[in-house]
Structures are given as C-alpha cells and as structure tokens.
>>> print(open('final-v1.txt').read())   # compact mmCIF, N, CA and C atoms
# COMPACT_ATOMS: atom_id res chain seq x y z
N MET A 1 55.82 56.13 19.73
CA MET A 1 56.22 56.40 21.09
C MET A 1 55.58 57.70 21.53
N ALA A 2 54.95 57.69 22.68
CA ALA A 2 54.28 58.88 23.21
C ALA A 2 55.31 59.91 23.66
N ARG A 3 55.01 61.17 23.38
CA ARG A 3 55.90 62.26 23.79
C ARG A 3 55.77 62.46 25.29
N LYS A 4 56.87 62.60 25.97
CA LYS A 4 56.89 62.79 27.41
C LYS A 4 56.58 64.24 27.75
N LYS A 5 55.82 64.45 28.80
CA LYS A 5 55.54 65.79 29.32
C LYS A 5 56.63 66.16 30.31
N ILE A 6 56.93 67.45 30.40
CA ILE A 6 57.90 67.90 31.39
C ILE A 6 57.20 68.80 32.40
N SER A 7 57.77 68.85 33.59
CA SER A 7 57.21 69.68 34.66
C SER A 7 57.61 71.14 34.45
N GLU A 8 56.99 72.02 35.19
CA GLU A 8 57.35 73.45 35.13
C GLU A 8 58.81 73.63 35.56
N GLN A 9 59.23 72.89 36.57
CA GLN A 9 60.62 72.98 37.03
C GLN A 9 61.58 72.54 35.92
N GLU A 10 61.24 71.48 35.22
CA GLU A 10 62.08 71.01 34.11
C GLU A 10 62.10 72.04 32.97
N TRP A 11 60.95 72.68 32.71
CA TRP A 11 60.90 73.73 31.69
C TRP A 11 61.81 74.88 32.08
N GLN A 12 61.82 75.25 33.37
CA GLN A 12 62.70 76.32 33.83
C GLN A 12 64.17 75.93 33.64
N THR A 13 64.47 74.65 33.80
CA THR A 13 65.83 74.17 33.57
C THR A 13 66.20 74.35 32.10
N PHE A 14 65.26 74.01 31.19
CA PHE A 14 65.49 74.23 29.75
C PHE A 14 65.75 75.71 29.47
N LEU A 15 64.93 76.58 30.07
CA LEU A 15 65.10 78.02 29.85
C LEU A 15 66.46 78.50 30.36
N SER A 16 66.85 78.02 31.52
CA SER A 16 68.16 78.41 32.07
C SER A 16 69.29 77.93 31.17
N LEU A 17 69.16 76.72 30.67
CA LEU A 17 70.17 76.19 29.76
C LEU A 17 70.22 77.01 28.47
N ALA A 18 69.07 77.34 27.94
CA ALA A 18 69.02 78.18 26.73
C ALA A 18 69.67 79.53 26.99
N ASP A 19 69.39 80.12 28.16
CA ASP A 19 70.03 81.39 28.52
C ASP A 19 71.54 81.25 28.54
N ARG A 20 72.01 80.18 29.18
CA ARG A 20 73.45 79.94 29.31
C ARG A 20 74.10 79.75 27.94
N LEU A 21 73.39 79.12 27.01
CA LEU A 21 73.91 78.87 25.66
C LEU A 21 73.62 80.02 24.69
N GLU A 22 73.02 81.08 25.22
CA GLU A 22 72.68 82.27 24.43
C GLU A 22 71.75 81.94 23.27
N ILE A 23 70.76 81.10 23.55
CA ILE A 23 69.71 80.78 22.59
C ILE A 23 68.46 81.48 23.10
N PRO A 24 67.85 82.38 22.32
CA PRO A 24 66.83 83.30 22.84
C PRO A 24 65.44 82.69 23.06
N VAL A 25 65.38 81.54 23.69
CA VAL A 25 64.09 80.89 23.93
C VAL A 25 63.21 81.76 24.83
N ARG A 26 63.78 82.25 25.92
CA ARG A 26 63.01 83.06 26.87
C ARG A 26 62.45 84.32 26.20
N GLU A 27 63.24 84.94 25.36
CA GLU A 27 62.78 86.16 24.67
C GLU A 27 61.63 85.86 23.72
N LEU A 28 61.69 84.69 23.08
CA LEU A 28 60.63 84.33 22.13
C LEU A 28 59.29 84.11 22.81
N LEU A 29 59.31 83.78 24.10
CA LEU A 29 58.05 83.54 24.82
C LEU A 29 57.13 84.76 24.82
N GLY A 30 57.73 85.94 24.85
CA GLY A 30 56.93 87.16 24.92
C GLY A 30 56.77 87.88 23.59
N GLN A 31 57.18 87.28 22.51
CA GLN A 31 57.12 87.94 21.22
C GLN A 31 56.17 87.22 20.28
N LYS A 32 55.65 87.98 19.33
CA LYS A 32 54.86 87.37 18.25
C LYS A 32 55.82 87.09 17.11
N VAL A 33 56.15 85.81 16.99
CA VAL A 33 57.12 85.39 15.97
C VAL A 33 56.52 84.24 15.17
N ARG A 34 57.09 84.01 14.03
CA ARG A 34 56.65 82.88 13.20
C ARG A 34 57.00 81.56 13.88
N PHE A 35 56.21 80.56 13.57
CA PHE A 35 56.45 79.23 14.12
C PHE A 35 57.85 78.74 13.78
N THR A 36 58.31 79.05 12.57
CA THR A 36 59.63 78.59 12.15
C THR A 36 60.74 79.16 13.03
N GLU A 37 60.55 80.39 13.56
CA GLU A 37 61.55 80.96 14.47
C GLU A 37 61.56 80.21 15.80
N MET A 38 60.37 79.84 16.29
CA MET A 38 60.28 79.08 17.53
C MET A 38 60.94 77.71 17.33
N GLU A 39 60.61 77.09 16.20
CA GLU A 39 61.15 75.77 15.91
C GLU A 39 62.67 75.82 15.77
N ALA A 40 63.19 76.86 15.13
CA ALA A 40 64.64 77.00 14.96
C ALA A 40 65.34 77.13 16.31
N ALA A 41 64.75 77.88 17.24
CA ALA A 41 65.34 78.01 18.58
C ALA A 41 65.33 76.66 19.29
N GLY A 42 64.24 75.92 19.15
CA GLY A 42 64.17 74.59 19.75
C GLY A 42 65.22 73.65 19.19
N HIS A 43 65.42 73.72 17.88
CA HIS A 43 66.43 72.87 17.24
C HIS A 43 67.83 73.27 17.68
N ARG A 44 68.08 74.57 17.80
CA ARG A 44 69.41 75.02 18.27
C ARG A 44 69.68 74.47 19.67
N LEU A 45 68.67 74.55 20.54
CA LEU A 45 68.83 74.04 21.90
C LEU A 45 69.07 72.53 21.88
N GLY A 46 68.28 71.82 21.07
CA GLY A 46 68.44 70.37 20.97
C GLY A 46 69.81 69.96 20.45
N ARG A 47 70.29 70.67 19.41
CA ARG A 47 71.61 70.35 18.87
C ARG A 47 72.70 70.63 19.89
N SER A 48 72.55 71.72 20.63
CA SER A 48 73.55 72.05 21.66
C SER A 48 73.58 70.99 22.74
N VAL A 49 72.41 70.54 23.17
CA VAL A 49 72.35 69.49 24.19
C VAL A 49 72.96 68.20 23.64
N ALA A 50 72.68 67.88 22.40
CA ALA A 50 73.24 66.67 21.78
C ALA A 50 74.76 66.75 21.71
N GLN A 51 75.30 67.90 21.32
CA GLN A 51 76.75 68.07 21.24
C GLN A 51 77.40 67.88 22.61
N ILE A 52 76.85 68.55 23.62
CA ILE A 52 77.40 68.47 24.97
C ILE A 52 77.33 67.05 25.50
N THR A 53 76.19 66.39 25.27
CA THR A 53 76.02 65.02 25.74
C THR A 53 77.01 64.08 25.06
N THR A 54 77.16 64.20 23.75
CA THR A 54 78.08 63.35 23.01
C THR A 54 79.52 63.57 23.47
N GLU A 55 79.91 64.83 23.67
CA GLU A 55 81.25 65.15 24.17
C GLU A 55 81.51 64.47 25.50
N ARG A 56 80.55 64.62 26.43
CA ARG A 56 80.71 64.05 27.77
C ARG A 56 80.75 62.53 27.76
N LEU A 57 79.90 61.91 26.95
CA LEU A 57 79.89 60.44 26.85
C LEU A 57 81.21 59.93 26.28
N ALA A 58 81.71 60.60 25.24
CA ALA A 58 82.98 60.19 24.62
C ALA A 58 84.13 60.38 25.61
N LEU A 59 84.10 61.47 26.37
CA LEU A 59 85.15 61.72 27.36
C LEU A 59 85.12 60.64 28.44
N ALA A 60 83.93 60.29 28.93
CA ALA A 60 83.82 59.26 29.95
C ALA A 60 84.37 57.93 29.45
N ARG A 61 84.07 57.61 28.21
CA ARG A 61 84.57 56.36 27.63
C ARG A 61 86.09 56.40 27.47
N ALA A 62 86.61 57.53 27.02
CA ALA A 62 88.06 57.66 26.84
C ALA A 62 88.77 57.56 28.18
N GLU A 63 88.19 58.14 29.22
CA GLU A 63 88.82 58.10 30.54
C GLU A 63 88.86 56.70 31.13
N GLN A 64 88.00 55.82 30.65
CA GLN A 64 88.01 54.43 31.12
C GLN A 64 89.22 53.66 30.59
N MET A 65 89.78 54.14 29.51
CA MET A 65 90.94 53.47 28.90
C MET A 65 92.22 54.12 29.43
N THR A 66 92.86 53.47 30.37
CA THR A 66 94.09 54.00 30.95
C THR A 66 95.24 53.00 30.87
N GLU A 67 94.91 51.74 30.69
CA GLU A 67 95.93 50.68 30.66
C GLU A 67 96.61 50.64 29.29
N PRO A 68 97.86 50.22 29.26
CA PRO A 68 98.53 50.02 27.97
C PRO A 68 97.71 49.06 27.10
N GLN A 69 97.79 49.29 25.80
CA GLN A 69 97.03 48.48 24.84
C GLN A 69 97.99 47.79 23.88
N ARG A 70 97.57 46.64 23.40
CA ARG A 70 98.40 45.89 22.46
C ARG A 70 98.27 46.47 21.05
N CYS A 71 99.39 46.59 20.41
CA CYS A 71 99.42 47.05 19.02
C CYS A 71 98.68 46.01 18.18
N PRO A 72 97.77 46.44 17.30
CA PRO A 72 97.05 45.47 16.48
C PRO A 72 97.95 44.74 15.47
N THR A 73 99.14 45.29 15.19
CA THR A 73 100.03 44.66 14.22
C THR A 73 101.01 43.69 14.88
N CYS A 74 101.77 44.19 15.88
CA CYS A 74 102.84 43.36 16.46
C CYS A 74 102.51 42.84 17.87
N LYS A 75 101.41 43.30 18.43
CA LYS A 75 100.93 42.87 19.76
C LYS A 75 101.78 43.38 20.93
N LYS A 76 102.68 44.31 20.69
CA LYS A 76 103.48 44.91 21.77
C LYS A 76 102.56 45.79 22.61
N LEU A 77 102.79 45.80 23.95
CA LEU A 77 102.02 46.69 24.83
C LEU A 77 102.51 48.11 24.64
N CYS A 78 101.56 49.03 24.43
CA CYS A 78 101.90 50.43 24.18
C CYS A 78 101.11 51.32 25.13
N SER A 79 101.77 52.35 25.66
CA SER A 79 101.07 53.24 26.58
C SER A 79 100.12 54.17 25.83
N LEU A 80 99.14 54.66 26.57
CA LEU A 80 98.10 55.52 25.99
C LEU A 80 98.29 56.97 26.42
N VAL A 81 97.91 57.86 25.55
CA VAL A 81 97.72 59.27 25.89
C VAL A 81 96.33 59.63 25.38
N HIS A 82 95.80 60.71 25.88
CA HIS A 82 94.49 61.17 25.42
C HIS A 82 94.69 62.48 24.65
N ARG A 83 94.16 62.53 23.47
CA ARG A 83 94.28 63.72 22.61
C ARG A 83 92.88 64.24 22.28
N GLU A 84 92.81 65.54 22.14
CA GLU A 84 91.55 66.15 21.73
C GLU A 84 91.64 66.55 20.27
N ARG A 85 90.53 66.41 19.60
CA ARG A 85 90.43 66.86 18.22
C ARG A 85 88.99 67.27 17.96
N GLU A 86 88.82 68.13 16.98
CA GLU A 86 87.46 68.55 16.63
C GLU A 86 86.86 67.50 15.70
N LEU A 87 85.60 67.20 15.96
CA LEU A 87 84.87 66.23 15.15
C LEU A 87 83.58 66.87 14.67
N GLN A 88 83.30 66.77 13.38
CA GLN A 88 82.04 67.27 12.84
C GLN A 88 80.99 66.18 12.99
N THR A 89 79.89 66.50 13.65
CA THR A 89 78.81 65.55 13.84
C THR A 89 77.56 66.06 13.16
N LEU A 90 76.51 65.28 13.19
CA LEU A 90 75.23 65.72 12.62
C LEU A 90 74.72 66.98 13.31
N ASP A 91 75.09 67.15 14.58
CA ASP A 91 74.61 68.29 15.35
C ASP A 91 75.61 69.44 15.39
N GLY A 92 76.72 69.31 14.71
CA GLY A 92 77.72 70.37 14.69
C GLY A 92 79.03 69.89 15.27
N PRO A 93 80.02 70.79 15.35
CA PRO A 93 81.34 70.38 15.83
C PRO A 93 81.36 70.12 17.33
N LEU A 94 82.24 69.20 17.73
CA LEU A 94 82.47 68.99 19.15
C LEU A 94 83.92 68.61 19.35
N GLU A 95 84.39 68.77 20.59
CA GLU A 95 85.75 68.38 20.94
C GLU A 95 85.73 66.95 21.41
N LEU A 96 86.40 66.09 20.69
CA LEU A 96 86.46 64.67 21.00
C LEU A 96 87.77 64.37 21.69
N CYS A 97 87.69 63.77 22.87
CA CYS A 97 88.87 63.29 23.58
C CYS A 97 88.95 61.80 23.31
N GLU A 98 90.08 61.36 22.74
CA GLU A 98 90.19 59.95 22.41
C GLU A 98 91.55 59.40 22.81
N PRO A 99 91.58 58.13 23.20
CA PRO A 99 92.84 57.50 23.54
C PRO A 99 93.65 57.19 22.27
N VAL A 100 94.94 57.45 22.36
CA VAL A 100 95.85 57.19 21.25
C VAL A 100 97.07 56.47 21.82
N ALA A 101 97.49 55.41 21.16
CA ALA A 101 98.69 54.69 21.56
C ALA A 101 99.71 54.77 20.43
N HIS A 102 100.98 54.77 20.80
CA HIS A 102 102.03 54.78 19.79
C HIS A 102 102.86 53.53 19.95
N CYS A 103 103.03 52.79 18.87
CA CYS A 103 103.88 51.59 18.87
C CYS A 103 105.24 51.98 18.29
N SER A 104 106.26 51.96 19.15
CA SER A 104 107.61 52.32 18.68
C SER A 104 108.18 51.25 17.76
N ALA A 105 107.77 50.00 17.95
CA ALA A 105 108.26 48.91 17.09
C ALA A 105 107.74 49.07 15.65
N CYS A 106 106.45 49.37 15.52
CA CYS A 106 105.84 49.52 14.19
C CYS A 106 105.92 50.96 13.68
N ARG A 107 106.30 51.86 14.58
CA ARG A 107 106.38 53.30 14.26
C ARG A 107 105.04 53.81 13.72
N ARG A 108 103.98 53.53 14.50
CA ARG A 108 102.66 53.98 14.09
C ARG A 108 101.81 54.26 15.32
N ASP A 109 100.86 55.14 15.14
CA ASP A 109 99.84 55.38 16.16
C ASP A 109 98.65 54.49 15.88
N PHE A 110 97.93 54.13 16.92
CA PHE A 110 96.66 53.43 16.74
C PHE A 110 95.68 53.93 17.78
N PHE A 111 94.43 53.77 17.47
CA PHE A 111 93.34 54.30 18.26
C PHE A 111 92.53 53.13 18.80
N PRO A 112 92.79 52.72 20.02
CA PRO A 112 92.12 51.53 20.55
C PRO A 112 90.60 51.57 20.48
N SER A 113 89.98 52.72 20.68
CA SER A 113 88.52 52.77 20.63
C SER A 113 88.01 52.53 19.22
N ALA A 114 88.78 52.91 18.21
CA ALA A 114 88.34 52.71 16.82
C ALA A 114 88.64 51.30 16.33
N SER A 115 89.75 50.73 16.81
CA SER A 115 90.13 49.40 16.32
C SER A 115 89.43 48.28 17.05
N GLY A 116 88.83 48.62 18.18
CA GLY A 116 88.18 47.58 18.97
C GLY A 116 89.12 46.95 19.97
N THR A 117 90.41 47.29 19.90
CA THR A 117 91.39 46.76 20.84
C THR A 117 91.10 47.34 22.22
N GLY A 118 90.83 46.49 23.19
CA GLY A 118 90.63 46.96 24.55
C GLY A 118 89.22 47.43 24.86
N THR A 119 88.33 47.41 23.90
CA THR A 119 86.96 47.84 24.15
C THR A 119 86.00 46.81 23.59
N ALA A 120 84.82 46.83 24.16
CA ALA A 120 83.81 45.89 23.68
C ALA A 120 83.17 46.36 22.38
N SER A 121 83.18 47.67 22.15
CA SER A 121 82.52 48.21 20.96
C SER A 121 83.49 49.03 20.16
N ALA A 122 83.49 48.87 18.86
CA ALA A 122 84.35 49.67 18.00
C ALA A 122 83.65 50.92 17.51
N GLU A 123 82.41 51.12 17.92
CA GLU A 123 81.67 52.29 17.47
C GLU A 123 81.97 53.48 18.36
N LEU A 124 82.02 54.66 17.76
CA LEU A 124 82.18 55.89 18.53
C LEU A 124 81.09 56.84 18.20
>>> encode(input="final-v1.txt", output="structure tokens")
Amino acid sequence: MARKKISEQEWQTFLSLADRLEIPVRELLGQKVRFTEMEAAGHRLGRSVAQITTERLALARAEQMTEPQRCPTCKKLCSLVHRERELQTLDGPLELCEPVAHCSACRRDFFPSASGTGTASAEL
C-alpha cells in the first residue's frame, strides 16, 4: 500500500496536536537529534492518536446502546448503565465506557457489547 502524502496544513494540524499532547515534535524540527529520537516522538504521537480514537469509537458504540437488554441466562429485560474503566491496550491505557446491565433475577451483571446481546459484533 502506497504511503499517503499530507499537505502543509495537515502537517500543521499534526504539530498542533503534538503541542497539545506535550510531545516535542516541533522542538525536534530545529535540533540535531538522532533518528531514533525523531522516530520515538512519531510513535508517541501515533499511540496517542490511536488511544484517543479508540476511546471515542468505543464511547460512540456504547452510547448507541440505551435500550434494556435481555439477560443471556434468563432472558429478562434489564436496564443499562454506562460505566467507565481503564483498559490496557497495545497503545497504552485508555478510559473505556461500556454498557453494563444487571439482572436482579440471576443476581449478575452482564456486558451486552461483550456477549453479543443487542449488538451485531461481539468484538471490542
């Protein structure tokens, strides 16, 4: 797959994002540093973007689940709440917002996005 080129305006967006995330990409532009330092800054920026993107995608998916869900054991309709928890990913930790239902009949919690109940995909 061919690598995509970015415009100067897009590069400035990357620099602004790096500044906001306190990754010293802009400072490295004017310094004589080893290639590994440049590469490390690029990887830090990439990992940060991946974490933010994954968090936002998971949040959007969780927000789509608002209707009561059936308990996978007894099939009773159970209301949902959304809980946040930290999740370790390949790119580092992120805050995961996920739907959680509690079945009072079975006295258990279940996670509709993980069980596939109410969603087309069981992958997160």
>>> select_by_dssp(input="final-v1.txt", residues="region 41-101 of chain A", states="helix (DSSP H, G or I)", output="PDB file with N, CA and C atoms, keeping the file's coordinate frame")
ATOM      1  N   ALA A  41      64.750  77.880  17.240  1.00  0.00           N
ATOM      2  CA  ALA A  41      65.340  78.010  18.580  1.00  0.00           C
ATOM      3  C   ALA A  41      65.330  76.660  19.290  1.00  0.00           C
ATOM      4  N   GLY A  42      64.240  75.920  19.150  1.00  0.00           N
ATOM      5  CA  GLY A  42      64.170  74.590  19.750  1.00  0.00           C
ATOM      6  C   GLY A  42      65.220  73.650  19.190  1.00  0.00           C
ATOM      7  N   HIS A  43      65.420  73.720  17.880  1.00  0.00           N
ATOM      8  CA  HIS A  43      66.430  72.870  17.240  1.00  0.00           C
ATOM      9  C   HIS A  43      67.830  73.270  17.680  1.00  0.00           C
ATOM     10  N   ARG A  44      68.080  74.570  17.800  1.00  0.00           N
ATOM     11  CA  ARG A  44      69.410  75.020  18.270  1.00  0.00           C
ATOM     12  C   ARG A  44      69.680  74.470  19.670  1.00  0.00           C
ATOM     13  N   LEU A  45      68.670  74.550  20.540  1.00  0.00           N
ATOM     14  CA  LEU A  45      68.830  74.040  21.900  1.00  0.00           C
ATOM     15  C   LEU A  45      69.070  72.530  21.880  1.00  0.00           C
ATOM     16  N   GLY A  46      68.280  71.820  21.070  1.00  0.00           N
ATOM     17  CA  GLY A  46      68.440  70.370  20.970  1.00  0.00           C
ATOM     18  C   GLY A  46      69.810  69.960  20.450  1.00  0.00           C
ATOM     19  N   ARG A  47      70.290  70.670  19.410  1.00  0.00           N
ATOM     20  CA  ARG A  47      71.610  70.350  18.870  1.00  0.00           C
ATOM     21  C   ARG A  47      72.700  70.630  19.890  1.00  0.00           C
ATOM     22  N   SER A  48      72.550  71.720  20.630  1.00  0.00           N
ATOM     23  CA  SER A  48      73.550  72.050  21.660  1.00  0.00           C
ATOM     24  C   SER A  48      73.580  70.990  22.740  1.00  0.00           C
ATOM     25  N   VAL A  49      72.410  70.540  23.170  1.00  0.00           N
ATOM     26  CA  VAL A  49      72.350  69.490  24.190  1.00  0.00           C
ATOM     27  C   VAL A  49      72.960  68.200  23.640  1.00  0.00           C
ATOM     28  N   ALA A  50      72.680  67.880  22.400  1.00  0.00           N
ATOM     29  CA  ALA A  50      73.240  66.670  21.780  1.00  0.00           C
ATOM     30  C   ALA A  50      74.760  66.750  21.710  1.00  0.00           C
ATOM     31  N   GLN A  51      75.300  67.900  21.320  1.00  0.00           N
ATOM     32  CA  GLN A  51      76.750  68.070  21.240  1.00  0.00           C
ATOM     33  C   GLN A  51      77.400  67.880  22.610  1.00  0.00           C
ATOM     34  N   ILE A  52      76.850  68.550  23.620  1.00  0.00           N
ATOM     35  CA  ILE A  52      77.400  68.470  24.970  1.00  0.00           C
ATOM     36  C   ILE A  52      77.330  67.050  25.500  1.00  0.00           C
ATOM     37  N   THR A  53      76.190  66.390  25.270  1.00  0.00           N
ATOM     38  CA  THR A  53      76.020  65.020  25.740  1.00  0.00           C
ATOM     39  C   THR A  53      77.010  64.080  25.060  1.00  0.00           C
ATOM     40  N   THR A  54      77.160  64.200  23.750  1.00  0.00           N
ATOM     41  CA  THR A  54      78.080  63.350  23.010  1.00  0.00           C
ATOM     42  C   THR A  54      79.520  63.570  23.470  1.00  0.00           C
ATOM     43  N   GLU A  55      79.910  64.830  23.670  1.00  0.00           N
ATOM     44  CA  GLU A  55      81.250  65.150  24.170  1.00  0.00           C
ATOM     45  C   GLU A  55      81.510  64.470  25.500  1.00  0.00           C
ATOM     46  N   ARG A  56      80.550  64.620  26.430  1.00  0.00           N
ATOM     47  CA  ARG A  56      80.710  64.050  27.770  1.00  0.00           C
ATOM     48  C   ARG A  56      80.750  62.530  27.760  1.00  0.00           C
ATOM     49  N   LEU A  57      79.900  61.910  26.950  1.00  0.00           N
ATOM     50  CA  LEU A  57      79.890  60.440  26.850  1.00  0.00           C
ATOM     51  C   LEU A  57      81.210  59.930  26.280  1.00  0.00           C
ATOM     52  N   ALA A  58      81.710  60.600  25.240  1.00  0.00           N
ATOM     53  CA  ALA A  58      82.980  60.190  24.620  1.00  0.00           C
ATOM     54  C   ALA A  58      84.130  60.380  25.610  1.00  0.00           C
ATOM     55  N   LEU A  59      84.100  61.470  26.370  1.00  0.00           N
ATOM     56  CA  LEU A  59      85.150  61.720  27.360  1.00  0.00           C
ATOM     57  C   LEU A  59      85.120  60.640  28.440  1.00  0.00           C
ATOM     58  N   ALA A  60      83.930  60.290  28.930  1.00  0.00           N
ATOM     59  CA  ALA A  60      83.820  59.260  29.950  1.00  0.00           C
ATOM     60  C   ALA A  60      84.370  57.930  29.450  1.00  0.00           C
ATOM     61  N   ARG A  61      84.070  57.610  28.210  1.00  0.00           N
ATOM     62  CA  ARG A  61      84.570  56.360  27.630  1.00  0.00           C
ATOM     63  C   ARG A  61      86.090  56.400  27.470  1.00  0.00           C
ATOM     64  N   ALA A  62      86.610  57.530  27.020  1.00  0.00           N
ATOM     65  CA  ALA A  62      88.060  57.660  26.840  1.00  0.00           C
ATOM     66  C   ALA A  62      88.770  57.560  28.180  1.00  0.00           C
ATOM     67  N   GLU A  63      88.190  58.140  29.220  1.00  0.00           N
ATOM     68  CA  GLU A  63      88.820  58.100  30.540  1.00  0.00           C
ATOM     69  C   GLU A  63      88.860  56.700  31.130  1.00  0.00           C
ATOM     70  N   GLN A  64      88.000  55.820  30.650  1.00  0.00           N
ATOM     71  CA  GLN A  64      88.010  54.430  31.120  1.00  0.00           C
ATOM     72  C   GLN A  64      89.220  53.660  30.590  1.00  0.00           C
TER      73      GLN A  64
END
>>> closest_residue(input="final-v1.txt", among="A:Ser104, A:Thr89, A:Thr36, A:Thr13", to="Ile52 (chain A)", atoms="only C-alpha atoms")
A:Thr89
>>> atom_distance(input="final-v1.txt", atom1="CA of Lys76 (chain A)", atom2="atom C of His102 (chain A)")
8.8 Å
>>> atom_distance(input="final-v1.txt", atom1="atom N of Cys78 (chain A)", atom2="CA of Thr54 (chain A)")
27.5 Å
>>> closest_residue(input="final-v1.txt", among="A:Arg56, A:Val81, A:Val25, A:Arg47", to="Gln69 (chain A)", atoms="only C-alpha atoms")
A:Val81
>>> closest_residue(input="final-v1.txt", among="A:Ser16, A:Ser7, A:Gln31, A:Ser48", to="Gly92 (chain A)", atoms="only N, CA and C atoms")
A:Ser48
>>> atom_distance(input="final-v1.txt", atom1="CA of Leu29 (chain A)", atom2="CA of Ala41 (chain A)")
11.1 Å
>>> closest_residue(input="final-v1.txt", among="A:Glu8, A:Leu59, A:Cys74, A:Pro93", to="Cys106 (chain A)", atoms="all atoms listed in the file")
A:Cys74
>>> closest_residue(input="final-v1.txt", among="A:Glu37, A:Glu95, A:Gln64, A:Pro72", to="Gln51 (chain A)", atoms="only C-alpha atoms")
A:Glu95
>>> decode(input="final-v1.txt", residues="region 63-88 of chain A", atoms="C-alpha atoms", output="tab-separated table (two decimals), in the first residue's frame")
chain	number	residue	atom	x	y	z
A	63	GLU	CA	-23.89	5.45	23.55
A	64	GLN	CA	-25.83	3.59	20.86
A	65	MET	CA	-26.91	1.03	23.45
A	66	THR	CA	-29.64	2.66	25.52
A	67	GLU	CA	-32.49	0.14	25.40
A	68	PRO	CA	-32.95	-2.55	28.04
A	69	GLN	CA	-31.19	-5.80	27.12
A	70	ARG	CA	-32.18	-9.40	27.70
A	71	CYS	CA	-30.22	-11.35	30.25
A	72	PRO	CA	-28.29	-14.09	28.43
A	73	THR	CA	-29.30	-16.59	31.15
A	74	CYS	CA	-32.98	-15.97	31.96
A	75	LYS	CA	-33.94	-13.61	29.09
A	76	LYS	CA	-35.41	-10.99	31.47
A	77	LEU	CA	-35.22	-7.39	30.18
A	78	CYS	CA	-32.63	-5.47	32.20
A	79	SER	CA	-31.85	-1.76	32.15
A	80	LEU	CA	-28.43	-0.49	31.15
A	81	VAL	CA	-25.99	1.88	32.78
A	82	HIS	CA	-22.69	3.03	31.34
A	83	ARG	CA	-19.54	2.55	33.40
A	84	GLU	CA	-16.02	3.68	32.77
A	85	ARG	CA	-12.99	1.57	33.41
A	86	GLU	CA	-9.35	1.70	32.45
A	87	LEU	CA	-8.30	-0.69	29.72
A	88	GLN	CA	-4.71	-1.53	28.78
